[in-house]
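**Student:** Got a structure for you, written out below as C-alpha coordinates; questions coming shortly.
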Amino acid sequence: MHVKEAIQKRRSIRKYKDKEIEPEKIELLKEALIWAPSAANLQARKFFFVSGKTKKELEKAFQQDWIKKVPIIIVCCGDWKTVNEKFWDGANKIYNHLDVAASIENLMLQAVELELGTCWIGKVNKELAKEILKLPENLNVICSVAVGYPAEKGEKKERKNIFEERK
(Lines give C-alpha, C1' and ligand atoms only; values in the text may rest on other atoms or scores of the structure.)
Protein backbone atom coordinates (compact mmCIF):
# COMPACT_ATOMS: atom_id res chain seq x y z
CA MET A 1 0.00 0.00 0.00
CA HIS A 2 1.29 3.44 -0.89
CA VAL A 3 1.26 6.19 1.73
CA LYS A 4 -1.21 8.27 -0.30
CA GLU A 5 -3.66 5.36 -0.31
CA ALA A 6 -3.35 4.88 3.46
CA ILE A 7 -3.88 8.61 4.04
CA GLN A 8 -7.03 8.67 1.94
CA LYS A 9 -8.37 5.37 3.32
CA ARG A 10 -8.02 6.28 7.02
CA ARG A 11 -11.32 6.86 8.85
CA SER A 12 -12.45 7.33 12.44
CA ILE A 13 -13.96 4.01 13.47
CA ARG A 14 -16.31 3.69 16.44
CA LYS A 15 -17.61 0.13 15.90
CA TYR A 16 -15.26 -2.79 16.37
CA LYS A 17 -15.36 -6.55 15.96
CA ASP A 18 -14.91 -8.72 19.02
CA LYS A 19 -11.49 -9.85 17.84
CA GLU A 20 -8.10 -9.60 19.50
CA ILE A 21 -5.24 -7.88 17.69
CA GLU A 22 -2.32 -10.17 16.94
CA PRO A 23 0.89 -9.42 18.91
CA GLU A 24 2.92 -8.92 15.71
CA LYS A 25 0.48 -6.20 14.60
CA ILE A 26 0.73 -4.51 17.99
CA GLU A 27 4.52 -4.50 17.61
CA LEU A 28 4.21 -2.81 14.20
CA LEU A 29 1.93 -0.15 15.73
CA LYS A 30 4.48 0.47 18.48
CA GLU A 31 7.26 0.80 15.93
CA ALA A 32 5.22 3.37 13.98
CA LEU A 33 4.86 5.45 17.15
CA ILE A 34 8.60 5.41 17.79
CA TRP A 35 9.63 6.68 14.35
CA ALA A 36 7.66 9.93 14.42
CA PRO A 37 9.60 13.20 14.56
CA SER A 38 10.15 14.82 17.92
CA ALA A 39 11.13 18.31 19.12
CA ALA A 40 14.92 18.33 19.57
CA ASN A 41 14.67 14.53 19.26
CA LEU A 42 13.78 14.39 22.96
CA GLN A 43 11.17 11.71 22.30
CA ALA A 44 9.44 12.93 25.46
CA ARG A 45 6.29 10.87 24.96
CA LYS A 46 4.94 7.61 26.31
CA PHE A 47 2.16 5.36 25.04
CA PHE A 48 0.25 2.87 27.17
CA PHE A 49 -1.47 -0.01 25.35
CA VAL A 50 -4.39 -0.84 27.63
CA SER A 51 -6.57 -3.94 27.37
CA GLY A 52 -8.28 -6.53 29.55
CA LYS A 53 -9.10 -5.75 33.16
CA THR A 54 -7.25 -2.43 33.16
CA LYS A 55 -9.14 -1.28 30.05
CA LYS A 56 -12.42 -2.07 31.80
CA GLU A 57 -11.35 0.20 34.66
CA LEU A 58 -10.10 2.88 32.24
CA GLU A 59 -13.52 3.06 30.53
CA LYS A 60 -14.65 5.22 33.47
CA ALA A 61 -12.47 8.03 32.09
CA PHE A 62 -14.48 8.19 28.84
CA GLN A 63 -17.99 9.45 28.19
CA GLN A 64 -18.58 7.33 25.09
CA ASP A 65 -20.32 3.94 25.33
CA TRP A 66 -18.68 2.61 22.17
CA ILE A 67 -15.35 2.49 24.05
CA LYS A 68 -16.54 -0.72 25.74
CA LYS A 69 -16.25 -2.64 22.43
CA VAL A 70 -12.68 -1.52 21.66
CA PRO A 71 -10.03 -4.21 22.20
CA ILE A 72 -7.18 -1.76 22.90
CA ILE A 73 -7.04 1.84 24.02
CA ILE A 74 -3.72 3.60 23.68
CA VAL A 75 -3.28 6.34 26.25
CA CYS A 76 -0.94 8.98 24.82
CA CYS A 77 1.19 11.00 27.22
CA GLY A 78 3.75 13.75 27.07
CA ASP A 79 6.71 13.95 29.43
CA TRP A 80 6.49 17.62 30.35
CA LYS A 81 9.49 17.45 32.68
CA THR A 82 11.91 16.33 29.97
CA VAL A 83 10.64 18.99 27.58
CA ASN A 84 10.76 21.64 30.32
CA GLU A 85 14.43 20.89 30.96
CA LYS A 86 15.26 21.62 27.31
CA PHE A 87 12.78 24.38 26.44
CA TRP A 88 11.98 27.15 28.87
CA ASP A 89 10.36 29.57 26.43
CA GLY A 90 6.76 29.19 27.61
CA ALA A 91 5.81 27.13 24.56
CA ASN A 92 7.19 23.93 26.03
CA LYS A 93 3.79 22.29 26.62
CA ILE A 94 2.91 22.52 22.94
CA TYR A 95 5.98 20.44 22.04
CA ASN A 96 4.52 17.45 23.91
CA HIS A 97 1.26 17.81 22.02
CA LEU A 98 3.00 18.08 18.66
CA ASP A 99 5.23 15.06 19.33
CA VAL A 100 2.29 12.93 20.42
CA ALA A 101 0.22 14.06 17.42
CA ALA A 102 3.00 13.12 14.98
CA SER A 103 3.26 9.67 16.57
CA ILE A 104 -0.50 9.16 16.40
CA GLU A 105 -0.59 9.94 12.69
CA ASN A 106 2.14 7.35 12.10
CA LEU A 107 0.16 4.82 14.15
CA MET A 108 -3.06 5.49 12.25
CA LEU A 109 -1.44 5.09 8.85
CA GLN A 110 0.22 1.85 9.96
CA ALA A 111 -3.15 0.64 11.25
CA VAL A 112 -4.72 1.22 7.82
CA GLU A 113 -2.09 -1.00 6.22
CA LEU A 114 -2.78 -3.68 8.87
CA GLU A 115 -6.55 -3.45 8.19
CA LEU A 116 -7.16 -2.10 11.68
CA GLY A 117 -9.47 0.75 12.58
CA THR A 118 -8.61 3.66 14.85
CA CYS A 119 -10.29 6.64 16.43
CA TRP A 120 -8.44 9.57 17.97
CA ILE A 121 -10.15 10.43 21.26
CA GLY A 122 -9.64 13.86 22.78
CA LYS A 123 -12.56 13.66 25.19
CA VAL A 124 -11.09 11.78 28.13
CA ASN A 125 -10.95 12.62 31.82
CA LYS A 126 -7.19 12.98 31.82
CA GLU A 127 -6.73 13.12 35.58
CA LEU A 128 -8.86 10.01 36.12
CA ALA A 129 -6.97 8.14 33.38
CA LYS A 130 -3.68 9.16 35.00
CA GLU A 131 -4.92 7.94 38.37
CA ILE A 132 -6.23 4.60 37.03
CA LEU A 133 -2.97 3.89 35.21
CA LYS A 134 -0.90 5.10 38.17
CA LEU A 135 1.20 7.32 35.93
CA PRO A 136 4.17 9.22 37.33
CA GLU A 137 3.90 12.95 37.94
CA ASN A 138 6.03 13.89 34.91
CA LEU A 139 3.52 12.39 32.43
CA ASN A 140 0.44 14.26 31.22
CA VAL A 141 -2.34 12.41 29.45
CA ILE A 142 -2.89 14.26 26.17
CA CYS A 143 -5.42 12.01 24.42
CA SER A 144 -6.19 8.38 23.56
CA VAL A 145 -6.55 6.24 20.47
CA ALA A 146 -8.96 3.32 20.07
CA VAL A 147 -7.61 0.42 17.98
CA GLY A 148 -9.28 -2.73 16.72
CA TYR A 149 -10.73 -4.57 13.75
CA PRO A 150 -13.43 -2.34 12.25
CA ALA A 151 -17.05 -3.49 12.22
CA GLU A 152 -17.96 -0.51 10.02
CA LYS A 153 -16.46 1.06 6.94
CA GLY A 154 -16.26 4.60 8.29
CA GLU A 155 -17.72 7.64 6.66
CA LYS A 156 -15.77 9.41 3.92
CA LYS A 157 -16.19 13.11 4.55
CA GLU A 158 -15.54 15.93 2.16
CA ARG A 159 -12.39 17.92 2.68
CA LYS A 160 -12.23 21.72 2.61
CA ASN A 161 -9.72 23.66 0.58
CA ILE A 162 -7.22 24.70 3.24
CA PHE A 163 -4.59 26.19 0.94
CA GLU A 164 -3.69 29.71 0.06
CA GLU A 165 -0.77 30.72 -2.09
CA ARG A 166 1.20 33.85 -1.47
CA LYS A 167 4.03 35.14 -3.62
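Chain labels run A, B, ... following the order of the C-alpha coordinates; each chain numbers its residues from 1, and ligands are numbered from 1 in the order shown.
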Residues within 8 Å of Lys19 (chain A), please, as a list in words. Count only C-alpha atoms; anything in the same chain fewer than 6 positions from it doesn't count.
**Tutor:**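 Residues meeting the cut-off are Pro71, Gly148 and Tyr149 of chain A.
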**Student:** Restricted to C-alpha atoms, what would the selected residues look like written as a short mmCIF file (atom, residue, chain, number, x, y, z; two decimals), in the first residue's frame?
**Tutor:**
data_model
loop_
_atom_site.label_atom_id
_atom_site.label_comp_id
_atom_site.auth_asym_id
_atom_site.auth_seq_id
_atom_site.Cartn_x
_atom_site.Cartn_y
_atom_site.Cartn_z
CA PRO A 71 -10.03 -4.21 22.20
CA GLY A 148 -9.28 -2.73 16.72
CA TYR A 149 -10.73 -4.57 13.75
#
**Student:** Write out as a list in words the set of residues from region 31-66 of chain A that DSSP, computed on the backbone, places in strand (DSSP E).
**Tutor:**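 Those in region 31-66 of chain A that DSSP calls strand (DSSP E) are Arg45, Lys46, Phe47, Phe48, Phe49 and Val50 of chain A.
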**Student:** Per residue of region 136-164 of chain A within 7 Å of region 99-120 of chain A, note the shortest atom pair and the distance in Å to one decimal, counting only C-alpha atoms, and order the rows by chain and increasing residue number, as JSON lines.
**Tutor:**
{"residue": "A:Ser144", "atom": "CA", "partner": "A:Trp120", "partner_atom": "CA", "distance": 6.1}
{"residue": "A:Val145", "atom": "CA", "partner": "A:Trp120", "partner_atom": "CA", "distance": 4.6}
{"residue": "A:Ala146", "atom": "CA", "partner": "A:Cys119", "partner_atom": "CA", "distance": 5.1}
{"residue": "A:Val147", "atom": "CA", "partner": "A:Thr118", "partner_atom": "CA", "distance": 4.6}
{"residue": "A:Gly148", "atom": "CA", "partner": "A:Gly117", "partner_atom": "CA", "distance": 5.4}
{"residue": "A:Tyr149", "atom": "CA", "partner": "A:Leu116", "partner_atom": "CA", "distance": 4.8}
{"residue": "A:Pro150", "atom": "CA", "partner": "A:Gly117", "partner_atom": "CA", "distance": 5.0}
**Student:** Rank nothing, just name the residue among A:Lys126, A:Asn84, A:His97, A:Lys156 nearest to Lys9 (chain A), using only C-alpha atoms.
**Tutor:**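 The closest residue to Lys9 (chain A) is A:Lys156.
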**Student:** Residues within 7 Å of Ala151 (chain A), please, as a PyMOL selection string. Count only C-alpha atoms; anything in the same chain fewer than 5 positions from it doesn't count.
**Tutor:** chain A and resi 15-17
**Student:** Considering only C-alpha atoms, state which residue in the set A:Asn125, A:Asn140, A:Asn161, A:Ser12 is at the smallest distance from Ala61 (chain A).
**Tutor:** A:Asn125
